[in-house]
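> One file is attached below, protein_14.csv, containing CSV, C-alpha atoms.
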```csv
chain,number,residue,atom,x,y,z
A,1,MET,CA,0.0,0.0,0.0
A,2,ASN,CA,1.4,3.4,-0.9
A,3,ASN,CA,1.9,6.0,1.8
A,4,ALA,CA,-0.1,8.7,0.0
A,5,PRO,CA,-3.8,8.0,0.1
A,6,LEU,CA,-5.8,8.0,-3.1
A,7,LEU,CA,-8.6,9.9,-1.4
A,8,SER,CA,-8.1,12.1,1.7
A,9,VAL,CA,-11.1,13.7,3.4
A,10,GLU,CA,-10.0,16.5,5.7
A,11,ASN,CA,-12.3,18.2,8.2
A,12,LEU,CA,-15.2,17.8,5.8
A,13,SER,CA,-18.4,19.5,7.0
A,14,VAL,CA,-21.7,19.6,5.2
A,15,SER,CA,-24.6,21.9,6.1
A,16,VAL,CA,-28.3,21.6,5.4
A,17,LEU,CA,-30.4,24.8,5.0
A,18,TYR,CA,-33.7,24.6,6.9
A,19,GLY,CA,-35.9,27.5,7.5
A,20,GLY,CA,-33.2,29.8,6.1
A,21,LYS,CA,-30.7,28.6,8.6
A,22,PRO,CA,-27.7,26.3,8.1
A,23,TYR,CA,-27.5,23.2,10.3
A,24,THR,CA,-24.5,20.9,10.4
A,25,ALA,CA,-25.2,17.4,9.0
A,26,VAL,CA,-21.6,16.2,8.7
A,27,ASP,CA,-19.2,17.6,11.3
A,28,SER,CA,-15.4,17.7,10.5
A,29,ALA,CA,-15.0,14.2,9.0
A,30,ASN,CA,-11.5,13.0,8.6
A,31,PHE,CA,-10.6,9.7,6.8
A,32,CYS,CA,-8.7,8.4,3.8
A,33,VAL,CA,-8.9,5.6,1.2
A,34,TYR,CA,-5.7,4.1,-0.1
A,35,LYS,CA,-5.1,2.6,-3.5
A,36,GLY,CA,-6.5,-0.9,-3.8
A,37,GLU,CA,-8.5,-1.0,-0.6
A,38,ILE,CA,-12.2,-1.2,0.3
A,39,VAL,CA,-13.3,1.1,3.1
A,40,GLY,CA,-16.8,1.0,4.6
A,41,ILE,CA,-18.8,3.8,6.2
A,42,VAL,CA,-21.6,2.4,8.4
A,43,GLY,CA,-24.4,4.0,10.4
A,44,GLU,CA,-28.2,4.3,10.7
A,45,SER,CA,-30.2,6.4,8.3
A,46,GLY,CA,-29.6,10.1,9.0
A,47,CYS,CA,-26.0,9.6,10.3
A,48,GLY,CA,-24.5,11.6,7.4
A,49,LYS,CA,-22.8,8.8,5.5
A,50,SER,CA,-24.6,9.3,2.2
A,51,LEU,CA,-24.1,13.1,2.4
A,52,THR,CA,-20.4,12.5,2.9
A,53,ALA,CA,-20.3,10.4,-0.2
A,54,LEU,CA,-22.3,13.0,-2.2
A,55,ALA,CA,-20.0,15.7,-1.0
A,56,ILE,CA,-17.0,13.7,-2.2
A,57,ASP,CA,-18.6,13.2,-5.6
A,58,ASN,CA,-19.7,16.8,-5.9
A,59,LEU,CA,-23.4,15.8,-6.0
A,60,LEU,CA,-24.9,17.5,-3.0
A,61,PRO,CA,-28.6,18.5,-3.7
A,62,PHE,CA,-30.0,22.0,-3.6
A,63,GLY,CA,-30.1,23.3,-0.1
A,64,VAL,CA,-27.1,21.2,1.0
A,65,GLU,CA,-23.5,22.5,0.8
A,66,ARG,CA,-20.0,21.7,1.8
A,67,SER,CA,-19.4,24.2,4.6
A,68,GLY,CA,-15.8,23.3,5.4
A,69,GLY,CA,-12.9,21.1,4.8
A,70,GLN,CA,-11.2,19.6,1.8
A,71,VAL,CA,-11.4,16.6,-0.5
A,72,VAL,CA,-8.1,15.6,-2.0
A,73,PHE,CA,-8.1,13.0,-4.7
A,74,ASP,CA,-4.8,11.7,-6.2
A,75,GLY,CA,-3.0,14.8,-5.0
A,76,LYS,CA,-5.6,17.3,-6.3
A,77,GLU,CA,-7.8,19.3,-4.0
A,78,LEU,CA,-11.2,18.8,-5.7
A,79,THR,CA,-13.2,21.6,-4.2
A,80,SER,CA,-10.8,24.2,-5.7
A,81,LEU,CA,-10.9,22.9,-9.2
A,82,SER,CA,-12.9,24.6,-12.0
A,83,ALA,CA,-16.1,23.1,-13.3
A,84,LYS,CA,-14.2,22.0,-16.5
A,85,GLU,CA,-11.5,20.3,-14.4
A,86,LYS,CA,-14.1,18.6,-12.2
A,87,ARG,CA,-15.9,17.2,-15.3
A,88,LYS,CA,-12.7,15.4,-16.3
A,89,ILE,CA,-12.5,13.6,-13.0
A,90,TYR,CA,-16.1,12.9,-11.9
A,91,GLY,CA,-17.7,10.0,-13.7
A,92,LYS,CA,-14.3,8.9,-15.1
A,93,ASP,CA,-11.8,8.7,-12.3
A,94,ILE,CA,-14.4,8.8,-9.5
A,95,ALA,CA,-17.6,6.9,-10.2
A,96,MET,CA,-20.6,6.3,-8.0
A,97,ILE,CA,-23.3,3.6,-7.6
A,98,PHE,CA,-26.5,4.7,-6.1
A,99,GLN,CA,-28.9,3.0,-3.7
A,100,GLU,CA,-31.9,2.8,-6.0
A,101,PRO,CA,-31.1,2.1,-9.6
A,102,MET,CA,-34.7,2.6,-10.8
A,103,THR,CA,-34.5,6.3,-9.9
A,104,SER,CA,-30.9,6.6,-11.1
A,105,LEU,CA,-31.4,5.0,-14.5
A,106,ASN,CA,-33.1,7.0,-17.3
A,107,PRO,CA,-36.5,5.2,-17.9
A,108,LEU,CA,-36.6,6.4,-21.5
A,109,MET,CA,-33.1,5.4,-22.5
A,110,LYS,CA,-32.0,1.9,-23.5
A,111,ILE,CA,-29.5,0.1,-21.3
A,112,GLY,CA,-26.7,0.0,-23.9
A,113,ARG,CA,-26.8,3.7,-24.4
A,114,GLN,CA,-26.8,4.4,-20.6
A,115,VAL,CA,-23.8,2.2,-20.0
A,116,ASP,CA,-22.1,3.8,-23.0
A,117,GLU,CA,-22.6,7.4,-21.7
A,118,THR,CA,-19.4,7.7,-19.8
A,119,LEU,CA,-17.3,6.6,-22.8
A,120,ARG,CA,-19.1,9.0,-25.1
A,121,ILE,CA,-18.4,11.9,-22.7
A,122,HIS,CA,-14.9,11.2,-21.6
A,123,THR,CA,-13.2,9.4,-24.4
A,124,ALA,CA,-12.7,9.5,-28.2
A,125,ILE,CA,-13.3,5.8,-28.7
A,126,ASP,CA,-15.3,5.0,-31.8
A,127,LYS,CA,-18.8,3.6,-31.6
A,128,GLN,CA,-17.9,0.1,-32.7
A,129,GLU,CA,-15.3,-0.3,-30.0
A,130,ARG,CA,-17.7,1.3,-27.4
A,131,ASP,CA,-20.4,-1.2,-28.3
A,132,ARG,CA,-17.9,-4.0,-27.7
A,133,MET,CA,-16.9,-2.6,-24.4
A,134,VAL,CA,-20.5,-2.1,-23.3
A,135,ARG,CA,-21.3,-5.8,-24.0
A,136,GLN,CA,-18.1,-6.9,-22.3
A,137,VAL,CA,-18.7,-4.9,-19.1
A,138,LEU,CA,-22.2,-6.2,-18.9
A,139,ILE,CA,-20.8,-9.8,-19.0
A,140,ASP,CA,-18.2,-8.8,-16.4
A,141,VAL,CA,-20.9,-7.9,-13.9
A,142,GLY,CA,-22.6,-11.2,-14.4
A,143,LEU,CA,-25.4,-10.3,-16.8
A,144,GLN,CA,-26.5,-12.7,-19.6
A,145,ASN,CA,-28.1,-12.3,-23.0
A,146,VAL,CA,-26.4,-9.0,-23.4
A,147,ASP,CA,-27.3,-8.6,-27.1
A,148,ARG,CA,-31.0,-8.4,-26.0
A,149,LEU,CA,-30.1,-6.5,-22.8
A,150,VAL,CA,-28.5,-3.5,-24.6
A,151,ASP,CA,-31.8,-2.8,-26.3
A,152,ALA,CA,-34.0,-3.2,-23.2
A,153,TYR,CA,-35.3,-0.4,-20.9
A,154,PRO,CA,-34.8,-0.3,-17.1
A,155,HIS,CA,-38.4,-1.3,-16.3
A,156,GLU,CA,-37.9,-4.6,-18.2
A,157,LEU,CA,-35.1,-5.7,-15.7
A,158,SER,CA,-35.3,-7.1,-12.2
A,159,GLY,CA,-33.9,-5.0,-9.3
A,160,GLY,CA,-30.7,-7.1,-9.2
A,161,MET,CA,-30.2,-6.7,-12.9
A,162,ARG,CA,-30.7,-3.0,-12.7
A,163,GLN,CA,-28.1,-2.8,-9.9
A,164,ARG,CA,-25.6,-4.7,-12.1
A,165,VAL,CA,-26.2,-2.3,-14.9
A,166,MET,CA,-25.5,0.6,-12.5
A,167,ILE,CA,-22.2,-1.1,-11.6
A,168,ALA,CA,-21.4,-1.6,-15.2
A,169,SER,CA,-22.0,2.0,-16.0
A,170,ALA,CA,-19.8,3.1,-13.1
A,171,ILE,CA,-16.8,0.8,-13.9
A,172,ILE,CA,-16.7,0.9,-17.7
A,173,SER,CA,-14.3,3.9,-17.7
A,174,LYS,CA,-12.0,2.0,-15.2
A,175,PRO,CA,-12.2,4.6,-12.4
A,176,SER,CA,-9.6,4.7,-9.6
A,177,LEU,CA,-12.3,5.2,-7.0
A,178,LEU,CA,-15.8,3.6,-6.9
A,179,ILE,CA,-18.2,5.0,-4.4
A,180,ALA,CA,-21.0,2.6,-3.6
A,181,ASP,CA,-23.9,4.2,-1.7
A,182,GLU,CA,-25.9,1.4,-0.1
A,183,PRO,CA,-26.0,-0.6,-3.4
A,184,THR,CA,-27.6,-3.7,-1.7
A,185,THR,CA,-30.2,-2.1,0.5
A,186,ALA,CA,-33.2,-2.6,-1.8
A,187,LEU,CA,-32.2,-6.2,-2.7
A,188,ASP,CA,-33.2,-9.5,-1.3
A,189,VAL,CA,-30.5,-11.5,0.6
A,190,PHE,CA,-29.7,-13.8,-2.3
A,191,THR,CA,-29.3,-10.9,-4.8
A,192,GLN,CA,-27.5,-8.8,-2.2
A,193,ALA,CA,-24.9,-11.6,-2.0
A,194,GLN,CA,-24.5,-11.8,-5.7
A,195,VAL,CA,-23.9,-8.0,-6.0
A,196,LEU,CA,-21.3,-8.2,-3.2
A,197,ASP,CA,-19.6,-11.0,-5.1
A,198,VAL,CA,-19.5,-8.8,-8.3
A,199,LEU,CA,-17.9,-5.9,-6.4
A,200,LYS,CA,-15.4,-8.2,-4.8
A,201,LYS,CA,-14.5,-9.7,-8.2
A,202,ILE,CA,-14.1,-6.2,-9.7
A,203,HIS,CA,-11.8,-5.2,-6.9
A,204,ALA,CA,-9.7,-8.4,-7.2
A,205,ASP,CA,-9.5,-8.1,-11.0
A,206,THR,CA,-8.7,-4.3,-11.2
A,207,GLY,CA,-7.4,-3.2,-7.8
A,208,MET,CA,-10.0,-0.5,-7.9
A,209,SER,CA,-10.5,1.4,-4.6
A,210,ILE,CA,-14.0,1.3,-3.2
A,211,LEU,CA,-15.8,3.4,-0.6
A,212,PHE,CA,-18.7,1.3,0.4
A,213,ILE,CA,-21.6,2.9,2.3
A,214,SER,CA,-24.1,0.8,4.3
A,215,HIS,CA,-26.3,0.8,7.4
A,216,ASP,CA,-25.5,-2.9,7.9
A,217,LEU,CA,-22.3,-3.9,9.6
A,218,ASP,CA,-22.9,-7.5,8.6
A,219,VAL,CA,-22.6,-6.4,4.9
A,220,ILE,CA,-19.6,-4.2,5.7
A,221,LYS,CA,-17.7,-7.1,7.2
A,222,GLN,CA,-18.2,-9.2,4.1
A,223,ILE,CA,-16.4,-6.8,1.8
A,224,CYS,CA,-14.3,-4.1,3.6
A,225,SER,CA,-10.9,-4.1,5.1
A,226,ARG,CA,-11.4,-0.9,7.1
A,227,VAL,CA,-14.6,0.6,8.6
A,228,ILE,CA,-15.7,4.0,9.6
A,229,VAL,CA,-18.7,4.2,12.0
A,230,MET,CA,-20.7,7.4,11.8
A,231,TYR,CA,-23.3,8.8,14.1
A,232,ALA,CA,-25.2,12.1,13.8
A,233,GLY,CA,-22.7,13.5,11.4
A,234,HIS,CA,-19.6,12.4,13.5
A,235,ILE,CA,-17.1,9.7,13.0
A,236,VAL,CA,-17.3,7.8,16.4
A,237,GLU,CA,-15.1,4.9,15.6
A,238,SER,CA,-12.8,3.7,12.8
A,239,GLY,CA,-10.1,1.1,12.2
A,240,ASN,CA,-9.3,-2.2,10.6
A,241,ILE,CA,-12.5,-4.3,10.2
A,242,GLN,CA,-11.2,-7.1,12.5
A,243,ASP,CA,-10.3,-4.7,15.3
A,244,VAL,CA,-13.6,-2.9,15.2
A,245,LEU,CA,-15.7,-6.1,15.0
A,246,SER,CA,-13.7,-8.1,17.5
A,247,TYR,CA,-13.0,-5.3,20.0
A,248,PRO,CA,-15.7,-2.5,19.5
A,249,CYS,CA,-15.0,0.4,21.8
A,250,HIS,CA,-17.8,2.9,21.2
A,251,GLU,CA,-21.2,2.1,22.6
A,252,TYR,CA,-22.8,2.9,19.3
A,253,THR,CA,-20.7,0.4,17.5
A,254,LYS,CA,-21.5,-2.2,20.2
A,255,GLY,CA,-25.2,-1.6,19.7
A,256,LEU,CA,-24.9,-2.0,15.9
A,257,LEU,CA,-23.1,-5.3,16.4
A,258,ARG,CA,-25.7,-6.6,19.0
A,259,SER,CA,-28.5,-5.9,16.5
A,260,ILE,CA,-27.0,-8.3,13.8
A,261,PRO,CA,-29.1,-11.5,13.5
A,262,SER,CA,-27.1,-14.7,13.9
A,263,ARG,CA,-27.7,-18.4,14.4
A,264,ASP,CA,-27.1,-18.3,18.1
A,265,LYS,CA,-29.8,-15.7,18.5
A,266,LYS,CA,-32.4,-17.7,16.7
A,267,GLY,CA,-35.7,-17.5,18.6
A,268,LEU,CA,-34.5,-14.6,20.7
A,269,LEU,CA,-35.5,-10.9,20.5
A,270,LEU,CA,-32.8,-8.9,18.9
A,271,GLU,CA,-31.3,-6.1,20.9
A,272,CYS,CA,-31.9,-2.6,19.6
A,273,ILE,CA,-30.5,0.8,20.3
A,274,ARG,CA,-33.1,2.8,22.2
A,275,GLY,CA,-34.2,6.1,20.7
A,276,LYS,CA,-33.4,7.5,17.3
A,277,VAL,CA,-30.8,9.5,15.5
A,278,PRO,CA,-31.3,13.2,16.2
A,279,SER,CA,-32.4,15.5,13.4
A,280,VAL,CA,-29.9,18.0,12.1
A,281,THR,CA,-31.8,20.8,13.8
A,282,GLN,CA,-31.4,19.4,17.3
A,283,LYS,CA,-28.7,20.9,19.4
A,284,LYS,CA,-26.0,18.4,20.2
A,285,ASP,CA,-23.9,19.4,23.2
A,286,GLY,CA,-21.3,16.9,24.3
A,287,CYS,CA,-21.2,13.5,22.7
A,288,PRO,CA,-24.0,13.2,20.1
A,289,PHE,CA,-24.7,9.6,21.2
A,290,ALA,CA,-25.1,10.4,24.9
A,291,PRO,CA,-28.9,10.6,24.9
A,292,ARG,CA,-29.1,7.0,23.7
A,293,CYS,CA,-26.1,5.6,25.6
A,294,ALA,CA,-26.8,3.5,28.7
A,295,SER,CA,-23.2,4.2,30.0
A,296,ALA,CA,-23.4,8.0,29.6
A,297,GLN,CA,-22.2,10.1,32.5
A,298,ASN,CA,-22.5,13.9,33.1
A,299,VAL,CA,-19.4,14.7,31.1
A,300,CYS,CA,-20.9,13.0,28.1
A,301,PHE,CA,-23.7,15.6,27.9
A,302,THR,CA,-21.5,18.7,28.2
A,303,GLN,CA,-18.1,17.9,26.5
A,304,ARG,CA,-17.4,16.6,23.0
A,305,PRO,CA,-15.0,13.7,23.3
A,306,GLY,CA,-11.7,13.5,21.4
A,307,ASN,CA,-10.3,10.4,19.7
A,308,THR,CA,-8.9,7.6,21.9
A,309,PRO,CA,-6.6,4.8,20.6
A,310,GLY,CA,-8.3,1.5,20.4
A,311,THR,CA,-6.9,-2.0,20.1
A,312,GLY,CA,-5.2,-1.9,16.8
A,313,GLU,CA,-2.7,0.4,15.1
A,314,ASN,CA,-5.4,2.4,13.2
A,315,HIS,CA,-8.2,1.8,15.6
A,316,VAL,CA,-9.6,5.0,17.3
A,317,PHE,CA,-12.9,5.9,18.9
A,318,ALA,CA,-14.5,9.1,20.2
A,319,CYS,CA,-15.5,8.5,23.8
A,320,HIS,CA,-14.7,10.0,27.2
A,321,PHE,CA,-14.1,6.5,28.5
A,322,GLY,CA,-12.0,3.5,27.7
A,323,ALA,CA,-13.3,0.4,25.9
A,324,THR,CA,-14.5,-1.1,29.2
A,325,GLY,CA,-16.1,2.2,30.3
A,326,GLU,CA,-13.4,2.6,33.0
A,327,GLY,CA,-11.5,5.8,33.6
A,328,ALA,CA,-12.1,9.1,31.8
A,329,HIS,CA,-9.6,10.2,29.1
A,330,GLU,CA,-8.4,13.7,29.3
```
Using structure tokens, write down the structure from this file.


Amino acid sequence: MNNAPLLSVENLSVSVLYGGKPYTAVDSANFCVYKGEIVGIVGESGCGKSLTALAIDNLLPFGVERSGGQVVFDGKELTSLSAKEKRKIYGKDIAMIFQEPMTSLNPLMKIGRQVDETLRIHTAIDKQERDRMVRQVLIDVGLQNVDRLVDAYPHELSGGMRQRVMIASAIISKPSLLIADEPTTALDVFTQAQVLDVLKKIHADTGMSILFISHDLDVIKQICSRVIVMYAGHIVESGNIQDVLSYPCHEYTKGLLRSIPSRDKKGLLLECIRGKVPSVTQKKDGCPFAPRCASAQNVCFTQRPGNTPGTGENHVFACHFGATGEGAHE
């Protein structure tokens, strides 16, 4: 692994306008993705993980804006580039797979033309070669009958097939970084496993870096080497996947792990994290997880915790107390 990261997110903050006032939805996020690795971002809906991904890919919707920080990709600070320079990178060197392909694919455009779009925009490859590349990438993501498929419309495909088309569209230009925003959420378990296998094969064959967004730690552990746990716009724990899963330190991470179904929990009620993620308009003094944390003490409601070293070399968590809840950290 090279010392310089492919992607470096530095103090990234994202604000949402509500009632004419800006509210922080992502607060000073710091993380990196190295060449050839798969990094996961996990958290409940509303934790800021998708907004983080959209901010990296320059796709924040109206009323949402990057309010601070930098995004550095392959040595270039993306937020300072001109619109023309950004167009050369987004879609070609950085590509994104969205959660719901039915709303991301154009319902009036045939599949072949949609997959071909990136090549038409970013390359001078002739049509005959592009057609060959489109068919090949559809085969690469596990689709069959591609001669028929290129002339089909999105509504004629199953959810799993549409998601594979989205993956094909994203990887046809051989990007250095693929951002997958909850690509398996709307799929059944069997199809979800197939899509994960496709992504793992692409990674193995190409060495492409992947930033994988999910609300499900069980999915994250199947594909990622490192994981970032987000809560209410904050990174509360991060590290190598085995360190975080085997020795979780933050109470929120522990709660996510306890909520994963397993064979030994068959017939038992699954534990859940009480309460819900606060809205962006709610004031969050101290630790944002304190109102839902069974181990919270007075300091947790008044002071924002800094990062504490965890069990592994890259393992850190944001809590006033150690992994066992003993002893406050200054």

> What is the CA of Val227 (chain A)-CA of Val141 (chain A) distance in Å, reported with one decimal?

24.9 Å

> How would you write as an mmCIF file with C-alpha atoms, keeping the file's coordinate frame the residues that get within 9 Å of (-10.2, 7.2, -10.3) in the file's frame, counting only C-alpha atoms?


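See part03.cif below for the written result:
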```cif
data_model
loop_
_atom_site.group_PDB
_atom_site.id
_atom_site.type_symbol
_atom_site.label_atom_id
_atom_site.label_comp_id
_atom_site.auth_asym_id
_atom_site.auth_seq_id
_atom_site.Cartn_x
_atom_site.Cartn_y
_atom_site.Cartn_z
ATOM 1 C CA LEU A 6 -5.800 8.000 -3.100
ATOM 2 C CA PHE A 73 -8.100 13.000 -4.700
ATOM 3 C CA ASP A 74 -4.800 11.700 -6.200
ATOM 4 C CA ILE A 89 -12.500 13.600 -13.000
ATOM 5 C CA TYR A 90 -16.100 12.900 -11.900
ATOM 6 C CA GLY A 91 -17.700 10.000 -13.700
ATOM 7 C CA LYS A 92 -14.300 8.900 -15.100
ATOM 8 C CA ASP A 93 -11.800 8.700 -12.300
ATOM 9 C CA ILE A 94 -14.400 8.800 -9.500
ATOM 10 C CA ALA A 95 -17.600 6.900 -10.200
ATOM 11 C CA LYS A 174 -12.000 2.000 -15.200
ATOM 12 C CA PRO A 175 -12.200 4.600 -12.400
ATOM 13 C CA SER A 176 -9.600 4.700 -9.600
ATOM 14 C CA LEU A 177 -12.300 5.200 -7.000
ATOM 15 C CA LEU A 178 -15.800 3.600 -6.900
ATOM 16 C CA MET A 208 -10.000 -0.500 -7.900
ATOM 17 C CA SER A 209 -10.500 1.400 -4.600
#
```

> Write out as a PyMOL selection string the residues lying within 9 Å of Ser169 (chain A), counting only C-alpha atoms and excluding same-chain residues fewer than 2 positions away.

chain A and resi 95+97+114-118+134+137-138+164-167+171-173

> Near His250 (chain A), within 8 Å and counting only C-alpha atoms, which residues show up once chain neighbours fewer than 4 positions away are dropped, as a list in words?

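The residues satisfying every condition are Val236, Glu237, Lys254, Phe317, Ala318, Cys319 and Ala323 of chain A.
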
> Excluding Gly63 (chain A) and its own-chain neighbours fewer than 3 positions away, which residues fall within 10 Å of it when counting all atoms listed in the file? Please give them as a PyMOL selection string.

chain A and resi 15-18+20+22+60

> Only C-alpha atoms, please: the residues just picked out, written as an mmCIF file, keeping the file's coordinate frame.


```
data_model
loop_
_atom_site.group_PDB
_atom_site.id
_atom_site.type_symbol
_atom_site.label_atom_id
_atom_site.label_comp_id
_atom_site.auth_asym_id
_atom_site.auth_seq_id
_atom_site.Cartn_x
_atom_site.Cartn_y
_atom_site.Cartn_z
ATOM 1 C CA SER A 15 -24.600 21.900 6.100
ATOM 2 C CA VAL A 16 -28.300 21.600 5.400
ATOM 3 C CA LEU A 17 -30.400 24.800 5.000
ATOM 4 C CA TYR A 18 -33.700 24.600 6.900
ATOM 5 C CA GLY A 20 -33.200 29.800 6.100
ATOM 6 C CA PRO A 22 -27.700 26.300 8.100
ATOM 7 C CA LEU A 60 -24.900 17.500 -3.000
#
```

> Only N, CA, C and O atoms needed: put region 208-226 of chain A from the block into a file as a PDB file, in the first residue's frame.


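File written: decode21.pdb
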```pdb
ATOM      1  N   MET A 208      -9.251  -1.704  -8.050  1.00  0.00           N
ATOM      2  CA  MET A 208      -9.996  -0.464  -7.860  1.00  0.00           C
ATOM      3  C   MET A 208     -10.290  -0.218  -6.377  1.00  0.00           C
ATOM      4  O   MET A 208     -10.663  -1.127  -5.653  1.00  0.00           O
ATOM      5  N   SER A 209     -10.089   1.007  -5.922  1.00  0.00           N
ATOM      6  CA  SER A 209     -10.457   1.366  -4.553  1.00  0.00           C
ATOM      7  C   SER A 209     -11.966   1.558  -4.479  1.00  0.00           C
ATOM      8  O   SER A 209     -12.584   2.077  -5.412  1.00  0.00           O
ATOM      9  N   ILE A 210     -12.548   1.147  -3.359  1.00  0.00           N
ATOM     10  CA  ILE A 210     -13.997   1.252  -3.195  1.00  0.00           C
ATOM     11  C   ILE A 210     -14.320   1.869  -1.842  1.00  0.00           C
ATOM     12  O   ILE A 210     -13.772   1.448  -0.813  1.00  0.00           O
ATOM     13  N   LEU A 211     -15.178   2.867  -1.846  1.00  0.00           N
ATOM     14  CA  LEU A 211     -15.751   3.416  -0.620  1.00  0.00           C
ATOM     15  C   LEU A 211     -17.181   2.909  -0.554  1.00  0.00           C
ATOM     16  O   LEU A 211     -18.019   3.290  -1.371  1.00  0.00           O
ATOM     17  N   PHE A 212     -17.455   2.017   0.398  1.00  0.00           N
ATOM     18  CA  PHE A 212     -18.719   1.293   0.438  1.00  0.00           C
ATOM     19  C   PHE A 212     -19.570   1.805   1.594  1.00  0.00           C
ATOM     20  O   PHE A 212     -19.178   1.705   2.767  1.00  0.00           O
ATOM     21  N   ILE A 213     -20.748   2.351   1.284  1.00  0.00           N
ATOM     22  CA  ILE A 213     -21.643   2.937   2.282  1.00  0.00           C
ATOM     23  C   ILE A 213     -22.750   1.932   2.613  1.00  0.00           C
ATOM     24  O   ILE A 213     -23.359   1.361   1.707  1.00  0.00           O
ATOM     25  N   SER A 214     -23.029   1.737   3.905  1.00  0.00           N
ATOM     26  CA  SER A 214     -24.093   0.810   4.289  1.00  0.00           C
ATOM     27  C   SER A 214     -24.590   1.127   5.695  1.00  0.00           C
ATOM     28  O   SER A 214     -23.873   1.752   6.493  1.00  0.00           O
ATOM     29  N   HIS A 215     -25.815   0.712   5.986  1.00  0.00           N
ATOM     30  CA  HIS A 215     -26.312   0.799   7.365  1.00  0.00           C
ATOM     31  C   HIS A 215     -26.135  -0.529   8.087  1.00  0.00           C
ATOM     32  O   HIS A 215     -26.487  -0.656   9.255  1.00  0.00           O
ATOM     33  N   ASP A 216     -25.565  -1.523   7.393  1.00  0.00           N
ATOM     34  CA  ASP A 216     -25.516  -2.897   7.889  1.00  0.00           C
ATOM     35  C   ASP A 216     -24.066  -3.342   8.091  1.00  0.00           C
ATOM     36  O   ASP A 216     -23.328  -3.561   7.136  1.00  0.00           O
ATOM     37  N   LEU A 217     -23.663  -3.487   9.352  1.00  0.00           N
ATOM     38  CA  LEU A 217     -22.305  -3.933   9.648  1.00  0.00           C
ATOM     39  C   LEU A 217     -22.045  -5.347   9.132  1.00  0.00           C
ATOM     40  O   LEU A 217     -20.909  -5.698   8.819  1.00  0.00           O
ATOM     41  N   ASP A 218     -23.090  -6.170   9.058  1.00  0.00           N
ATOM     42  CA  ASP A 218     -22.925  -7.532   8.566  1.00  0.00           C
ATOM     43  C   ASP A 218     -22.509  -7.526   7.096  1.00  0.00           C
ATOM     44  O   ASP A 218     -21.721  -8.367   6.660  1.00  0.00           O
ATOM     45  N   VAL A 219     -23.033  -6.572   6.320  1.00  0.00           N
ATOM     46  CA  VAL A 219     -22.626  -6.423   4.917  1.00  0.00           C
ATOM     47  C   VAL A 219     -21.213  -5.863   4.837  1.00  0.00           C
ATOM     48  O   VAL A 219     -20.379  -6.334   4.051  1.00  0.00           O
ATOM     49  N   ILE A 220     -20.925  -4.860   5.662  1.00  0.00           N
ATOM     50  CA  ILE A 220     -19.606  -4.231   5.674  1.00  0.00           C
ATOM     51  C   ILE A 220     -18.499  -5.254   5.912  1.00  0.00           C
ATOM     52  O   ILE A 220     -17.460  -5.251   5.247  1.00  0.00           O
ATOM     53  N   LYS A 221     -18.732  -6.167   6.854  1.00  0.00           N
ATOM     54  CA  LYS A 221     -17.665  -7.116   7.211  1.00  0.00           C
ATOM     55  C   LYS A 221     -17.403  -8.135   6.102  1.00  0.00           C
ATOM     56  O   LYS A 221     -16.353  -8.771   6.080  1.00  0.00           O
ATOM     57  N   GLN A 222     -18.344  -8.278   5.162  1.00  0.00           N
ATOM     58  CA  GLN A 222     -18.159  -9.215   4.059  1.00  0.00           C
ATOM     59  C   GLN A 222     -17.262  -8.673   2.950  1.00  0.00           C
ATOM     60  O   GLN A 222     -16.744  -9.448   2.146  1.00  0.00           O
ATOM     61  N   ILE A 223     -17.055  -7.367   2.919  1.00  0.00           N
ATOM     62  CA  ILE A 223     -16.378  -6.795   1.763  1.00  0.00           C
ATOM     63  C   ILE A 223     -15.260  -5.816   2.108  1.00  0.00           C
ATOM     64  O   ILE A 223     -14.355  -5.596   1.305  1.00  0.00           O
ATOM     65  N   CYS A 224     -15.259  -5.238   3.312  1.00  0.00           N
ATOM     66  CA  CYS A 224     -14.337  -4.141   3.628  1.00  0.00           C
ATOM     67  C   CYS A 224     -13.141  -4.587   4.462  1.00  0.00           C
ATOM     68  O   CYS A 224     -13.239  -5.503   5.271  1.00  0.00           O
ATOM     69  N   SER A 225     -12.034  -3.892   4.272  1.00  0.00           N
ATOM     70  CA  SER A 225     -10.853  -4.137   5.098  1.00  0.00           C
ATOM     71  C   SER A 225     -10.763  -3.130   6.245  1.00  0.00           C
ATOM     72  O   SER A 225     -10.160  -3.416   7.282  1.00  0.00           O
ATOM     73  N   ARG A 226     -11.327  -1.947   6.044  1.00  0.00           N
ATOM     74  CA  ARG A 226     -11.422  -0.950   7.122  1.00  0.00           C
ATOM     75  C   ARG A 226     -12.849  -0.433   7.196  1.00  0.00           C
ATOM     76  O   ARG A 226     -13.577  -0.459   6.207  1.00  0.00           O
TER      77      ARG A 226
END
```
